[in-house]
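With compact mmCIF, C-alpha atoms inside, this is structure.txt:
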# COMPACT_ATOMS: atom_id res chain seq x y z
CA MET A 1 0.00 0.00 0.00
CA LYS A 2 1.44 3.35 -1.07
CA LYS A 3 0.63 6.17 1.35
CA ILE A 4 0.33 9.64 -0.21
CA ILE A 5 0.03 12.87 1.76
CA VAL A 6 -2.15 15.44 0.01
CA THR A 7 -1.99 19.04 1.21
CA GLY A 8 -4.77 21.46 0.33
CA CYS A 9 -7.15 18.49 0.01
CA ASN A 10 -10.28 20.67 0.12
CA GLY A 11 -9.22 22.89 -2.78
CA GLN A 12 -10.21 22.34 -6.40
CA LEU A 13 -7.16 20.25 -7.25
CA GLY A 14 -7.08 18.34 -3.97
CA ARG A 15 -10.67 17.24 -4.55
CA ALA A 16 -9.91 16.19 -8.12
CA VAL A 17 -6.91 14.10 -7.03
CA ASN A 18 -9.01 12.31 -4.44
CA GLU A 19 -11.81 11.67 -6.93
CA TYR A 20 -9.39 10.28 -9.52
CA TYR A 21 -7.86 7.77 -7.13
CA LYS A 22 -10.94 6.94 -5.03
CA ASN A 23 -11.11 3.32 -6.24
CA ALA A 24 -7.37 2.66 -6.43
CA PRO A 25 -6.75 -0.49 -4.34
CA ASP A 26 -3.05 0.11 -3.67
CA ILE A 27 -3.12 3.79 -2.64
CA SER A 28 -3.99 5.27 0.74
CA PHE A 29 -4.41 9.04 1.01
CA VAL A 30 -3.55 11.03 4.10
CA ASN A 31 -5.59 14.15 3.35
CA THR A 32 -4.68 17.41 5.03
CA ASP A 33 -5.81 20.98 4.78
CA VAL A 34 -5.00 24.00 6.90
CA GLY A 35 -7.01 22.56 9.80
CA GLU A 36 -4.99 19.33 9.90
CA LEU A 37 -1.53 20.53 8.86
CA ASP A 38 0.12 23.94 8.84
CA ILE A 39 2.68 23.47 6.06
CA THR A 40 4.49 26.64 7.24
CA ASP A 41 5.37 24.82 10.51
CA ILE A 42 8.44 22.67 9.87
CA ASP A 43 7.99 20.69 13.09
CA ALA A 44 4.38 19.80 12.24
CA VAL A 45 5.34 18.78 8.70
CA MET A 46 8.23 16.62 9.90
CA LYS A 47 6.09 14.97 12.59
CA LEU A 48 3.43 13.94 10.07
CA ALA A 49 5.94 12.76 7.47
CA ARG A 50 7.79 10.61 10.03
CA GLU A 51 4.51 9.07 11.20
CA VAL A 52 3.13 8.35 7.72
CA LYS A 53 6.39 7.53 5.88
CA PRO A 54 4.72 8.47 2.59
CA TYR A 55 5.50 7.19 -0.89
CA ALA A 56 4.78 10.74 -2.12
CA ILE A 57 3.60 14.16 -1.02
CA VAL A 58 1.26 15.99 -3.40
CA ASN A 59 1.25 19.69 -2.57
CA CYS A 60 -2.02 21.28 -3.69
CA ALA A 61 -1.86 23.97 -0.99
CA ALA A 62 -1.23 27.59 -2.00
CA PHE A 63 -2.23 31.18 -1.26
CA THR A 64 -3.74 31.95 -4.67
CA ALA A 65 -5.60 35.20 -3.95
CA VAL A 66 -3.44 37.20 -6.35
CA ASP A 67 -4.47 40.67 -5.20
CA ALA A 68 -4.28 39.72 -1.50
CA CYS A 69 -0.70 38.51 -2.03
CA GLU A 70 0.29 42.10 -2.79
CA THR A 71 -0.93 43.35 0.59
CA GLN A 72 -0.19 40.18 2.62
CA TYR A 73 3.25 39.35 1.29
CA GLU A 74 4.52 37.68 4.47
CA LYS A 75 1.53 35.32 4.55
CA ALA A 76 1.91 34.61 0.82
CA PHE A 77 5.63 33.88 1.21
CA ALA A 78 4.99 31.61 4.19
CA ILE A 79 2.41 29.48 2.35
CA ASN A 80 3.80 29.61 -1.20
CA ALA A 81 7.53 29.40 -0.39
CA ILE A 82 8.21 28.24 3.18
CA GLY A 83 5.47 25.58 2.93
CA PRO A 84 6.98 23.88 -0.14
CA ARG A 85 10.42 24.19 1.47
CA ASN A 86 9.20 22.32 4.54
CA LEU A 87 7.53 19.64 2.44
CA ALA A 88 10.71 19.25 0.38
CA ILE A 89 12.80 18.75 3.52
CA ALA A 90 10.29 16.20 4.83
CA ALA A 91 10.21 14.39 1.48
CA ARG A 92 13.99 14.14 1.40
CA GLU A 93 14.26 12.81 4.94
CA THR A 94 11.54 10.17 4.46
CA GLY A 95 12.53 9.20 0.90
CA ALA A 96 9.24 10.42 -0.53
CA LYS A 97 8.62 11.96 -3.92
CA LEU A 98 7.29 15.53 -3.95
CA MET A 99 4.68 16.67 -6.47
CA HIS A 100 4.50 20.47 -6.29
CA ILE A 101 2.03 22.64 -8.20
CA SER A 102 3.24 26.03 -9.47
CA THR A 103 1.93 28.69 -11.83
CA ASP A 104 2.26 30.65 -15.06
CA TYR A 105 2.76 33.76 -12.90
CA VAL A 106 6.45 32.89 -12.49
CA PHE A 107 6.91 34.47 -15.96
CA ASP A 108 6.63 38.16 -16.84
CA GLY A 109 3.64 37.62 -19.14
CA GLN A 110 5.13 39.81 -21.85
CA GLY A 111 5.98 36.97 -24.27
CA THR A 112 4.81 36.45 -27.83
CA ARG A 113 5.19 32.64 -27.95
CA PRO A 114 4.28 29.92 -25.46
CA TYR A 115 6.73 29.68 -22.55
CA VAL A 116 8.77 26.48 -22.32
CA GLU A 117 10.15 24.98 -19.12
CA THR A 118 13.66 26.33 -19.71
CA ASP A 119 12.58 29.95 -20.21
CA ARG A 120 13.86 32.27 -17.50
CA PRO A 121 11.24 33.10 -14.86
CA ASP A 122 10.69 36.80 -14.20
CA PRO A 123 7.61 37.29 -12.00
CA ARG A 124 5.95 40.71 -11.85
CA SER A 125 3.65 40.13 -8.89
CA ALA A 126 3.91 39.08 -5.25
CA TYR A 127 2.00 35.90 -6.08
CA GLY A 128 4.42 35.06 -8.88
CA SER A 129 7.54 35.84 -6.85
CA THR A 130 6.41 33.78 -3.84
CA LYS A 131 5.50 30.84 -6.07
CA LEU A 132 8.89 31.05 -7.79
CA ALA A 133 10.58 31.05 -4.38
CA GLY A 134 8.63 27.89 -3.59
CA GLU A 135 9.93 26.27 -6.78
CA GLU A 136 13.49 27.21 -5.89
CA PHE A 137 13.17 25.75 -2.39
CA VAL A 138 11.78 22.49 -3.82
CA ARG A 139 14.72 22.25 -6.20
CA GLN A 140 17.14 23.04 -3.38
CA PHE A 141 15.85 20.64 -0.72
CA ALA A 142 14.02 17.76 -2.44
CA ASP A 143 15.91 14.84 -3.99
CA ARG A 144 13.01 13.56 -6.11
CA PHE A 145 10.49 16.15 -7.25
CA PHE A 146 8.04 17.12 -9.95
CA ILE A 147 7.12 20.79 -10.38
CA LEU A 148 4.02 21.31 -12.51
CA ARG A 149 3.26 24.85 -13.67
CA THR A 150 -0.39 25.27 -14.54
CA ALA A 151 -2.76 28.15 -15.30
CA TRP A 152 -6.39 29.30 -15.38
CA LEU A 153 -7.47 26.31 -13.27
CA TYR A 154 -11.11 25.34 -12.74
CA GLY A 155 -12.76 22.41 -10.99
CA ASP A 156 -14.93 21.65 -7.96
CA GLY A 157 -14.88 25.01 -6.20
CA LYS A 158 -14.87 28.73 -6.85
CA ASN A 159 -13.63 29.48 -10.37
CA PHE A 160 -14.08 31.62 -13.47
CA ALA A 161 -16.53 29.26 -15.20
CA LYS A 162 -18.91 29.20 -12.23
CA THR A 163 -18.61 32.98 -11.82
CA MET A 164 -19.62 33.48 -15.46
CA LEU A 165 -22.58 31.10 -15.14
CA ASN A 166 -23.74 32.91 -12.02
CA LEU A 167 -23.48 36.28 -13.78
CA ALA A 168 -25.48 34.91 -16.70
CA GLN A 169 -28.44 34.43 -14.34
CA THR A 170 -28.78 38.18 -13.82
CA HIS A 171 -26.92 39.90 -16.69
CA ASP A 172 -27.67 40.23 -20.40
CA THR A 173 -24.05 41.36 -20.97
CA VAL A 174 -20.85 40.80 -19.01
CA ARG A 175 -17.61 42.74 -19.40
CA VAL A 176 -14.57 40.46 -19.59
CA VAL A 177 -10.90 41.18 -20.28
CA ARG A 178 -9.94 40.57 -23.91
CA ASP A 179 -6.19 41.34 -23.82
CA GLN A 180 -4.94 38.61 -21.46
CA PHE A 181 -4.22 35.23 -23.05
CA GLY A 182 -3.73 31.82 -21.47
CA SER A 183 -4.86 28.21 -21.46
CA PRO A 184 -7.92 27.31 -19.36
CA THR A 185 -7.13 24.04 -17.57
CA SER A 186 -9.45 21.64 -15.79
CA THR A 187 -8.43 19.98 -12.55
CA VAL A 188 -9.40 16.66 -14.15
CA GLU A 189 -6.78 17.12 -16.88
CA LEU A 190 -4.17 18.33 -14.38
CA THR A 191 -4.85 15.29 -12.18
CA LYS A 192 -4.32 12.99 -15.17
CA ALA A 193 -0.98 14.73 -15.72
CA ILE A 194 -0.03 14.18 -12.08
CA ALA A 195 -0.92 10.51 -12.45
CA ALA A 196 1.23 10.24 -15.58
CA LEU A 197 4.31 11.26 -13.56
CA LEU A 198 3.81 10.33 -9.93
CA PHE A 199 4.84 6.67 -10.16
CA THR A 200 7.76 7.31 -12.53
CA GLU A 201 11.31 8.55 -12.08
CA ASN A 202 10.70 11.29 -14.69
CA TYR A 203 11.56 14.18 -12.38
CA GLY A 204 11.85 17.90 -13.07
CA ILE A 205 9.83 20.93 -14.15
CA PHE A 206 6.81 20.45 -16.42
CA HIS A 207 4.32 22.85 -17.93
CA ALA A 208 0.84 21.46 -17.40
CA THR A 209 -2.08 23.19 -19.11
CA CYS A 210 -4.77 22.20 -21.55
CA GLU A 211 -3.78 22.60 -25.21
CA GLY A 212 -4.64 25.76 -27.13
CA SER A 213 -5.15 29.29 -25.84
CA CYS A 214 -7.68 32.08 -25.69
CA SER A 215 -8.49 35.36 -23.96
CA TRP A 216 -10.68 35.55 -20.87
CA ALA A 217 -13.40 37.05 -23.08
CA ASP A 218 -13.12 34.12 -25.51
CA PHE A 219 -13.31 31.69 -22.59
CA ALA A 220 -16.45 33.37 -21.23
CA ALA A 221 -18.11 33.31 -24.66
CA GLU A 222 -17.40 29.57 -25.02
CA ILE A 223 -18.82 28.89 -21.55
CA PHE A 224 -22.03 30.72 -22.45
CA ARG A 225 -22.27 28.95 -25.81
CA LEU A 226 -21.84 25.50 -24.30
CA ALA A 227 -24.27 26.26 -21.46
CA GLY A 228 -26.90 27.57 -23.88
CA LYS A 229 -26.83 31.06 -22.38
CA THR A 230 -27.76 34.13 -24.41
CA THR A 231 -25.55 36.42 -22.32
CA LYS A 232 -23.27 38.55 -24.49
CA VAL A 233 -19.60 39.18 -23.77
CA GLU A 234 -18.23 42.71 -24.03
CA GLY A 235 -14.45 42.58 -24.31
CA ILE A 236 -12.58 45.20 -22.29
CA THR A 237 -8.92 46.00 -21.70
CA THR A 238 -6.95 45.15 -18.58
CA GLU A 239 -6.69 48.88 -17.92
CA GLU A 240 -10.46 49.26 -18.11
CA TYR A 241 -10.95 46.32 -15.75
CA GLY A 242 -8.54 47.74 -13.18
CA SER A 243 -6.41 45.62 -10.86
CA PRO A 244 -3.92 46.37 -8.08
CA THR A 245 -1.80 43.46 -9.35
CA PRO A 246 0.15 43.18 -12.62
CA ARG A 247 -1.63 40.48 -14.62
CA PRO A 248 0.21 38.50 -17.31
CA ALA A 249 -0.87 39.70 -20.76
CA TYR A 250 0.41 36.48 -22.32
CA SER A 251 0.94 33.41 -20.16
CA VAL A 252 0.44 30.53 -22.58
CA LEU A 253 2.60 27.57 -21.54
CA ASP A 254 4.05 24.98 -23.92
CA ASN A 255 3.81 21.45 -22.43
CA ARG A 256 7.10 20.54 -24.08
CA MET A 257 8.44 18.24 -21.36
CA PHE A 258 5.22 16.22 -21.27
CA ARG A 259 5.31 15.99 -25.06
CA LEU A 260 8.92 14.84 -25.25
CA THR A 261 9.24 12.63 -22.15
CA THR A 262 5.80 11.05 -21.64
CA ASP A 263 2.90 9.51 -23.57
CA PHE A 264 0.45 11.89 -21.89
CA THR A 265 -1.31 14.59 -23.90
CA PHE A 266 -3.58 17.23 -22.42
CA ALA A 267 -7.04 17.72 -23.88
CA ASP A 268 -7.74 20.85 -25.90
CA TRP A 269 -9.23 23.54 -23.67
CA HIS A 270 -12.48 23.56 -25.69
CA ASP A 271 -12.99 19.83 -25.04
CA ALA A 272 -12.06 20.07 -21.35
CA ILE A 273 -14.52 22.88 -20.57
CA ALA A 274 -17.25 21.03 -22.49
CA VAL A 275 -16.73 17.96 -20.29
CA TYR A 276 -16.69 20.11 -17.16
CA LEU A 277 -19.94 21.90 -17.95
CA LYS A 278 -21.64 18.64 -18.92
CA ASN A 279 -20.77 17.18 -15.51
CA LEU A 280 -21.71 20.23 -13.44

Please, can you express the file's structure as structure tokens?
Amino acid sequence: MKKIIVTGCNGQLGRAVNEYYKNAPDISFVNTDVGELDITDIDAVMKLAREVKPYAIVNCAAFTAVDACETQYEKAFAINAIGPRNLAIAARETGAKLMHISTDYVFDGQGTRPYVETDRPDPRSAYGSTKLAGEEFVRQFADRFFILRTAWLYGDGKNFAKTMLNLAQTHDTVRVVRDQFGSPTSTVELTKAIAALLFTENYGIFHATCEGSCSWADFAAEIFRLAGKTTKVEGITTEEYGSPTPRPAYSVLDNRMFRLTTDFTFADWHDAIAVYLKNL
């Protein structure tokens, strides 16, 4: 029986991982969220790891409130950087693998082609810089690790797709940013990617998003189309939207390492959102 510690088990990705493996006969999950384990507390992390002696640790925990990271930098750094550091130290001591989830925000978002894993990170926000620090700690302290950078994630929880559907109940038109581009990614697809790596020795940094790209306005329009909503999308600029945080204008990731080192292929974002809405 392989024991796997999952942090952030009540988040969108943590739920998807549990759902994916719910009938696996040879896997036992030790699910933790902030109530069960404070990943910023090295002693608590080490105590749990020594008790469980896990095959792997899957870190789905993060402080993802992008705007709040700007005003609560110490909290963001503790959760997004110190937490992964502690998990990496625990993984190394117990011989566990570490699966760590990172973000497109580690790049500057000013590119004109999809970012590959070897492109130089250059975060422009507190969220991005704390997540990059987490990556660096994982690389420094873990012996066997996978870092998966994903983007525009949606699943069982609060997300863009559900927000749009809720707005469609009361609005004939919604205003959505048209000049930010990325790859909407379902937690189901990301979980499949985790599964494609977790029991291998294929370590390193991987980009992990659904194939294809669009703007937020395009994404909203596709959600409404698939859901049979008549709500119209009015595309606006990032400047018109207004945000205290620098948002990546272009954060499309190229899943090159998955393509070249595995047999796994992400679904196209159109297909993934169609499946998601059908199952809602």

Glu135 of chain A: which residues within 8 Å, counting all atoms listed in the file, same-chain residues fewer than 2 positions away excluded, as a short mmCIF file (atom, residue, chain, number, x, y, z; two decimals) with C-alpha atoms, keeping the file's coordinate frame?
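Result file is part13.cif:
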data_model
loop_
_atom_site.label_atom_id
_atom_site.label_comp_id
_atom_site.auth_asym_id
_atom_site.auth_seq_id
_atom_site.Cartn_x
_atom_site.Cartn_y
_atom_site.Cartn_z
CA ALA A 81 7.53 29.40 -0.39
CA PRO A 84 6.98 23.88 -0.14
CA HIS A 100 4.50 20.47 -6.29
CA SER A 102 3.24 26.03 -9.47
CA LYS A 131 5.50 30.84 -6.07
CA LEU A 132 8.89 31.05 -7.79
CA ALA A 133 10.58 31.05 -4.38
CA PHE A 137 13.17 25.75 -2.39
CA VAL A 138 11.78 22.49 -3.82
CA ARG A 139 14.72 22.25 -6.20
CA ILE A 147 7.12 20.79 -10.38
#

| segment 255-272 of chain A: which residues within 8 Å, counting only C-alpha atoms, same-chain residues fewer than 5 positions away excluded, as a ChimeraX atom specification? | /A:116-117,183-186,189,193,196,202,205-213,222

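Atom CA of Ala161 of chain A lies 19.7 Å from atom CA of Tyr250 of chain A.
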
| task | Write out as a list in words the residues lying within 10 Å of Leu37 of chain A, counting all atoms listed in the file and excluding same-chain residues fewer than 4 positions away. | result |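 Once the adjacent positions are removed, what remains is Thr7, Gly8, Asn31, Thr32, Asp33, Asp41, Ala44, Val45 and Leu48 of chain A.
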
| field | Atomic distance atom CA of Ile223 of chain A - atom CA of Tyr241 of chain A, expressed in Å with one decimal | value |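 Atom-to-atom, atom CA of Ile223 of chain A to atom CA of Tyr241 of chain A, that is 20.0 Å.
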
Show me a table, sorted first by chain and then by increasing residue number, of the residues of segment 64-173 of chain A having an atom at most 8 Å from segment 242-246 of chain A, each with its shortest atom pair and the distance in Å to one decimal, counting only C-alpha atoms and written as JSON lines.
{"residue": "A:Val66", "atom": "CA", "partner": "A:Thr245", "partner_atom": "CA", "distance": 7.1}
{"residue": "A:Asp67", "atom": "CA", "partner": "A:Thr245", "partner_atom": "CA", "distance": 5.7}
{"residue": "A:Glu70", "atom": "CA", "partner": "A:Thr245", "partner_atom": "CA", "distance": 7.0}
{"residue": "A:Arg124", "atom": "CA", "partner": "A:Pro246", "partner_atom": "CA", "distance": 6.4}
{"residue": "A:Ser125", "atom": "CA", "partner": "A:Pro246", "partner_atom": "CA", "distance": 6.0}

| Which of these, A:Thr230, A:Gln12, A:Gln180, A:Thr191, has the shortest distance to Thr112 of chain A once you count all atoms listed in the file? | A:Gln180

Write out as a tab-separated table (two decimals) with C-alpha atoms, in the coordinates of the input which residues come within 8 Å of Lys3 of chain A when counting all atoms listed in the file, dropping same-chain ones fewer than 3 positions away.
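Once everything was written out, this is out_16.tsv:
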chain	number	residue	atom	x	y	z
A	27	ILE	CA	-3.12	3.79	-2.64
A	28	SER	CA	-3.99	5.27	0.74
A	29	PHE	CA	-4.41	9.04	1.01
A	30	VAL	CA	-3.55	11.03	4.10
A	52	VAL	CA	3.13	8.35	7.72
A	53	LYS	CA	6.39	7.53	5.88
A	54	PRO	CA	4.72	8.47	2.59
A	55	TYR	CA	5.50	7.19	-0.89
A	56	ALA	CA	4.78	10.74	-2.12

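With only C-alpha atoms taken into account, the protein and nucleic acid residues at most 7 Å from Thr237 of chain A (excluding it and anything under 5 positions from it in its own chain) are Val177, Arg178 and Asp179 of chain A.
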
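Interatomic distance, atom CA of Phe160 of chain A to atom CA of Gly14 of chain A: 17.8 Å.
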
| said: Could you check the closest approach to Ala49 of chain A for each of A:Leu253, A:Ile4, A:Cys9, A:Leu198 and tell me which residue wins, using all atoms listed in the file? | reply: A:Ile4

| query | Restricting the calculation to all atoms listed in the file, which member of A:Gln140, A:Thr238, A:Asn159, A:Gln72 is positioned closest to Ala220 of chain A? | reply |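 Going through A:Gln140, A:Thr238, A:Asn159, A:Gln72 one by one, the smallest distance to Ala220 of chain A is for A:Asn159.
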
| said: My list of candidates is A:Tyr127, A:Tyr115, A:Phe199, A:Tyr21. Which is closest to Ala62 of chain A when distances are computed with only C-alpha atoms? | reply: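 Among the listed residues, the smallest separation from Ala62 of chain A belongs to A:Tyr127.
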
| Which of these residues is nearest to Ala227 of chain A, using all atoms listed in the file: A:Leu280, A:Leu87, A:Cys69, A:Ala249? |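 The shortest atom-to-atom distance to Ala227 of chain A comes from A:Leu280.
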
Selection as an mmCIF file with C-alpha atoms, keeping the file's coordinate frame: residues within 6 Å of (1.2, 15.4, -4.3), counting only C-alpha atoms:
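What landed in part_18.cif:
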data_model
loop_
_atom_site.group_PDB
_atom_site.id
_atom_site.type_symbol
_atom_site.label_atom_id
_atom_site.label_comp_id
_atom_site.auth_asym_id
_atom_site.auth_seq_id
_atom_site.Cartn_x
_atom_site.Cartn_y
_atom_site.Cartn_z
ATOM 1 C CA VAL A 6 -2.150 15.440 0.010
ATOM 2 C CA ILE A 57 3.600 14.160 -1.020
ATOM 3 C CA VAL A 58 1.260 15.990 -3.400
ATOM 4 C CA ASN A 59 1.250 19.690 -2.570
ATOM 5 C CA MET A 99 4.680 16.670 -6.470
#

| Of the listed residues A:Leu148, A:Val17, A:Val252, A:Val188, that which approaches Cys214 of chain A most closely, counting all atoms listed in the file | A:Val252
